[in-house]
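These notes are about the structure you will find just below.
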Amino acid sequence: MSEKVIEKKEKISLKQYFKNAYKYRYLMQEIIRKNVKLQYRDSFLGMLWTFLQPLFTMIVLVFIFGNIFGKSNTGVVCYPVYLLTGRLLFEFYTQSTKRAMRSIRNSASVLKKVYVPKYIYPLSNVLSNFVTFAISLTVLIVVMGYFLIKNAMAGGTIYPDLHLSWYIIFSVVPILILCVFCLGVGLILSVLNVFFKDIEYIYDVVCTMLFYATPIMYRLETLKIGAGAVGTILKLNPLYSIIEMFRCCVLYCRMWDWNHFYYAIGASVVVLLIGIWAFYKNQDKFILHI
Amino acid sequence: MAGPAVEVKNVSILFNLNKEKVDNIKEYFVKLVTRKLMFTEFWALKDISFTVEKGERLGILGFNGAGKSTLLKTVAGVLKPTKGTVKVQGIIAPLLELGAGFDSNYSGKENIFLYGATMGYSRKYIESKYDEIVEFSELKDFIDVPIKNYSSGMRARLGFAIATAVEPEVLILDEVLSVGDAKFRNKSEAKVKSMIAKGVTVLFVSHNTDQVRRLCDKAIILDKGTIIANGEVNEVCDIYDKLVGNGKK
């Protein structure tokens, strides 16, 4: 049995707060289940698309940037894998933040009628995207496996630096940091989107910009401007640090640069705190705007 | 557990009515700079206080725009009062608008679990109530069809079946007993009566004083955000009928 006290300036104790969050864990499970299930409903190949979509985009991008623009494998170990690691993480970032951004507006009909902790919506949207992201990681396994076998059959001459190492276990760390970062950005965007719908369009443009500003298809070190002021600005992008960490574990077979680690964690936690603060400060006003 | 099921104390709710809806940044800044960001203050509820003991049924009467729905939303926890406090003991099933938590791409079956979770119930618990819900809603043949293909009556039936099957302690009914055909209306009224017999607390909004007299034992009349009558159901309904008869509004 629960007692709900709704009062304006009353401080809800942390214990009560967690009790409430625990009570709504079922809703969270249901929303995650729903988002994952509905994403590919009515398509013939269904869940297979989580696998096929990144694979096909990778093939297109590798064809364009690997062949037409003549990207070499120097420094990136194996270009298709390099590109895929960056793109998978980036796709998770954009999809989850976009979904989280729209989540409050999309749940207007529920929020106007029933009391539900509002943060559940951005949070569950990030998490459901995490599920599809986790499934899409199988593409990485398959593609890496393919190139490892191909390399081994050629006696290691095609990709001399490509091999598997135990460092791959550490790849969980950048993924978790990315989740925190996505949740923070998602919370901020969902608040903004309640008050200004323009954010949806602005953010689309921002994401396109980010896609080119993040070293997904290229290496920052090989950029001509990489050493100058532009390079410094590009390095401020927490996604850069997170993707680099991930590549260290999966592709470069070494420990990450600890500067990347500190920066990624620091930036993600700060963004999350800003997100939580903005959300809690504004959540009572949502109902009047959605 | 001691104390009333619902306690509303000195609740006031203030809405800022924008003259025009400002929902893009450019407009916002233009208005901010030109100081045209004007609000009209509107008190939807003014100093409302009442208590509903466990097992009591409170009818809420009032004309359109009197603040009935605002009051129910405040009790349900959707709106936060600008002033005052609302205390509710037990699980509330808000039947403010049936099927509010449904996803139209989801099938009826999947929506039962989603809706149940929206009210805070586990999948396991809903599974134990599943047959009862399907039977009551009379939607056995359509349960695997996406909700988007349901008629509004079918949606309402499913929503009602779920919200009443989970045995809530406080039931909020906002004119929901007027949905569906006459057969389902009688059935749902019977269901509410059987829940009342089990001791559920009810907040019931209606324009139909006959229905209020049948279901409730206390009533209040809201007018322009204040309570103008409060007491035993027949007395209050008489006052309301008189108000309506006088052709006010």
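By order in the structure tokens, chains are A, B, ...; within a chain, residues start at 1; ligands start at 1, following the order shown.
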When you get a sec, could you note down which chain A residues fall within 10 Å of chain B, using only C-alpha atoms, as a VMD selection string? chain A and resid 1 to 10 20 22 to 31 33 to 34 37 to 38 41 to 42 107 to 117 193 to 199 284 to 289
Would you mind listing what lies within 9 Å of Val134 in chain B as a list in words, with only C-alpha atoms counted and same-chain residues fewer than 3 positions away left out? Lys109, Lys129, Tyr130, Asp131, Ser137, Glu138, Leu139, Lys140, Ile143, Leu158, Ala161 and Ile162 of chain B
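As for CA of Val142 in chain A and CA of Leu55 in chain A, they are spaced 9.6 Å apart.
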List every residue of range 40-209 of chain B that DSSP, applied to the backbone of this structure, assigns to helix (DSSP H, G or I), and report them as a PDB file with C-alpha atoms, in the first residue's frame.
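Output file result.pdb is given in full below:
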ATOM      1  CA  LYS B  68     -14.426  19.151 -12.004  1.00  0.00           C
ATOM      2  CA  SER B  69     -11.829  17.608 -14.260  1.00  0.00           C
ATOM      3  CA  THR B  70      -9.118  19.831 -12.823  1.00  0.00           C
ATOM      4  CA  LEU B  71     -10.082  18.621  -9.369  1.00  0.00           C
ATOM      5  CA  LEU B  72      -9.963  14.974 -10.400  1.00  0.00           C
ATOM      6  CA  LYS B  73      -6.610  15.460 -12.103  1.00  0.00           C
ATOM      7  CA  THR B  74      -5.281  16.990  -8.913  1.00  0.00           C
ATOM      8  CA  VAL B  75      -6.514  14.025  -6.875  1.00  0.00           C
ATOM      9  CA  ALA B  76      -5.027  11.633  -9.432  1.00  0.00           C
ATOM     10  CA  GLY B 108      -5.499  -5.501 -27.249  1.00  0.00           C
ATOM     11  CA  LYS B 109      -3.640  -8.162 -25.312  1.00  0.00           C
ATOM     12  CA  GLU B 110      -0.381  -6.238 -25.227  1.00  0.00           C
ATOM     13  CA  ASN B 111      -2.239  -3.085 -24.226  1.00  0.00           C
ATOM     14  CA  ILE B 112      -3.716  -4.832 -21.215  1.00  0.00           C
ATOM     15  CA  PHE B 113      -0.225  -5.291 -19.820  1.00  0.00           C
ATOM     16  CA  LEU B 114       0.898  -1.813 -20.817  1.00  0.00           C
ATOM     17  CA  TYR B 115      -2.133  -0.178 -19.221  1.00  0.00           C
ATOM     18  CA  GLY B 116      -1.728  -2.292 -16.112  1.00  0.00           C
ATOM     19  CA  ALA B 117       1.899  -1.215 -15.823  1.00  0.00           C
ATOM     20  CA  THR B 118       0.889   2.423 -16.238  1.00  0.00           C
ATOM     21  CA  ARG B 123       2.985  -8.355 -15.485  1.00  0.00           C
ATOM     22  CA  LYS B 124       2.408 -11.337 -13.256  1.00  0.00           C
ATOM     23  CA  TYR B 125      -0.479  -9.685 -11.453  1.00  0.00           C
ATOM     24  CA  ILE B 126      -2.135  -8.644 -14.703  1.00  0.00           C
ATOM     25  CA  GLU B 127      -1.705 -12.177 -16.032  1.00  0.00           C
ATOM     26  CA  SER B 128      -3.740 -13.455 -13.098  1.00  0.00           C
ATOM     27  CA  LYS B 129      -6.488 -10.968 -14.006  1.00  0.00           C
ATOM     28  CA  TYR B 130      -6.167 -11.434 -17.752  1.00  0.00           C
ATOM     29  CA  ASP B 131      -9.081 -13.809 -18.311  1.00  0.00           C
ATOM     30  CA  GLU B 132     -11.377 -11.695 -16.190  1.00  0.00           C
ATOM     31  CA  ILE B 133     -10.474  -8.583 -18.191  1.00  0.00           C
ATOM     32  CA  VAL B 134     -11.013 -10.242 -21.552  1.00  0.00           C
ATOM     33  CA  GLU B 135     -14.280 -11.736 -20.477  1.00  0.00           C
ATOM     34  CA  PHE B 136     -15.644  -8.514 -19.060  1.00  0.00           C
ATOM     35  CA  SER B 137     -14.651  -6.463 -22.084  1.00  0.00           C
ATOM     36  CA  LYS B 140     -12.136 -12.224 -26.950  1.00  0.00           C
ATOM     37  CA  ASP B 141     -12.250 -12.380 -30.751  1.00  0.00           C
ATOM     38  CA  PHE B 142     -10.413  -9.084 -31.197  1.00  0.00           C
ATOM     39  CA  ILE B 147      -6.044  -1.169 -30.994  1.00  0.00           C
ATOM     40  CA  LYS B 148      -6.011   1.247 -33.912  1.00  0.00           C
ATOM     41  CA  ASN B 149      -8.655  -0.938 -35.534  1.00  0.00           C
ATOM     42  CA  SER B 152     -14.070   3.963 -29.526  1.00  0.00           C
ATOM     43  CA  GLY B 153     -16.625   1.849 -27.680  1.00  0.00           C
ATOM     44  CA  MET B 154     -14.346  -1.177 -27.797  1.00  0.00           C
ATOM     45  CA  ARG B 155     -11.443   0.858 -26.461  1.00  0.00           C
ATOM     46  CA  ALA B 156     -13.545   2.211 -23.644  1.00  0.00           C
ATOM     47  CA  ARG B 157     -14.751  -1.270 -22.774  1.00  0.00           C
ATOM     48  CA  LEU B 158     -11.213  -2.597 -22.604  1.00  0.00           C
ATOM     49  CA  GLY B 159     -10.045   0.381 -20.552  1.00  0.00           C
ATOM     50  CA  PHE B 160     -12.915   0.001 -18.129  1.00  0.00           C
ATOM     51  CA  ALA B 161     -12.351  -3.736 -17.808  1.00  0.00           C
ATOM     52  CA  ILE B 162      -8.674  -3.281 -16.953  1.00  0.00           C
ATOM     53  CA  ALA B 163      -9.107  -0.409 -14.533  1.00  0.00           C
ATOM     54  CA  THR B 164     -11.806  -2.181 -12.547  1.00  0.00           C
ATOM     55  CA  ALA B 165     -10.280  -5.670 -12.601  1.00  0.00           C
ATOM     56  CA  VAL B 176     -17.155   7.057 -17.944  1.00  0.00           C
ATOM     57  CA  LEU B 177     -20.408   5.359 -17.099  1.00  0.00           C
ATOM     58  CA  SER B 178     -21.928   7.068 -20.105  1.00  0.00           C
ATOM     59  CA  ALA B 182     -26.895   0.537 -22.945  1.00  0.00           C
ATOM     60  CA  LYS B 183     -26.000  -3.062 -22.281  1.00  0.00           C
ATOM     61  CA  PHE B 184     -22.417  -2.304 -21.400  1.00  0.00           C
ATOM     62  CA  ARG B 185     -23.499   0.762 -19.430  1.00  0.00           C
ATOM     63  CA  ASN B 186     -25.673  -1.384 -17.195  1.00  0.00           C
ATOM     64  CA  LYS B 187     -22.926  -3.952 -16.899  1.00  0.00           C
ATOM     65  CA  SER B 188     -20.337  -1.370 -15.903  1.00  0.00           C
ATOM     66  CA  GLU B 189     -22.672   0.238 -13.407  1.00  0.00           C
ATOM     67  CA  ALA B 190     -23.254  -3.174 -11.893  1.00  0.00           C
ATOM     68  CA  LYS B 191     -19.492  -3.684 -11.757  1.00  0.00           C
ATOM     69  CA  VAL B 192     -18.980  -0.383  -9.973  1.00  0.00           C
ATOM     70  CA  LYS B 193     -21.745  -1.304  -7.520  1.00  0.00           C
ATOM     71  CA  SER B 194     -20.103  -4.627  -6.773  1.00  0.00           C
ATOM     72  CA  MET B 195     -16.823  -2.794  -6.159  1.00  0.00           C
ATOM     73  CA  ILE B 196     -18.636  -0.415  -3.830  1.00  0.00           C
ATOM     74  CA  ALA B 197     -19.967  -3.428  -1.952  1.00  0.00           C
ATOM     75  CA  THR B 209     -28.157  13.358 -10.910  1.00  0.00           C
TER      76      THR B 209
END
Residues within 8 Å of Phe92 in chain A, only C-alpha atoms, excluding chain neighbours under 5 positions, as a list in words: Asn129, Phe130 and Phe133 of chain A
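Atom pair CA of Ser241 in chain A / CA of Ile265 in chain A has a distance of 9.5 Å (rounded to one decimal).
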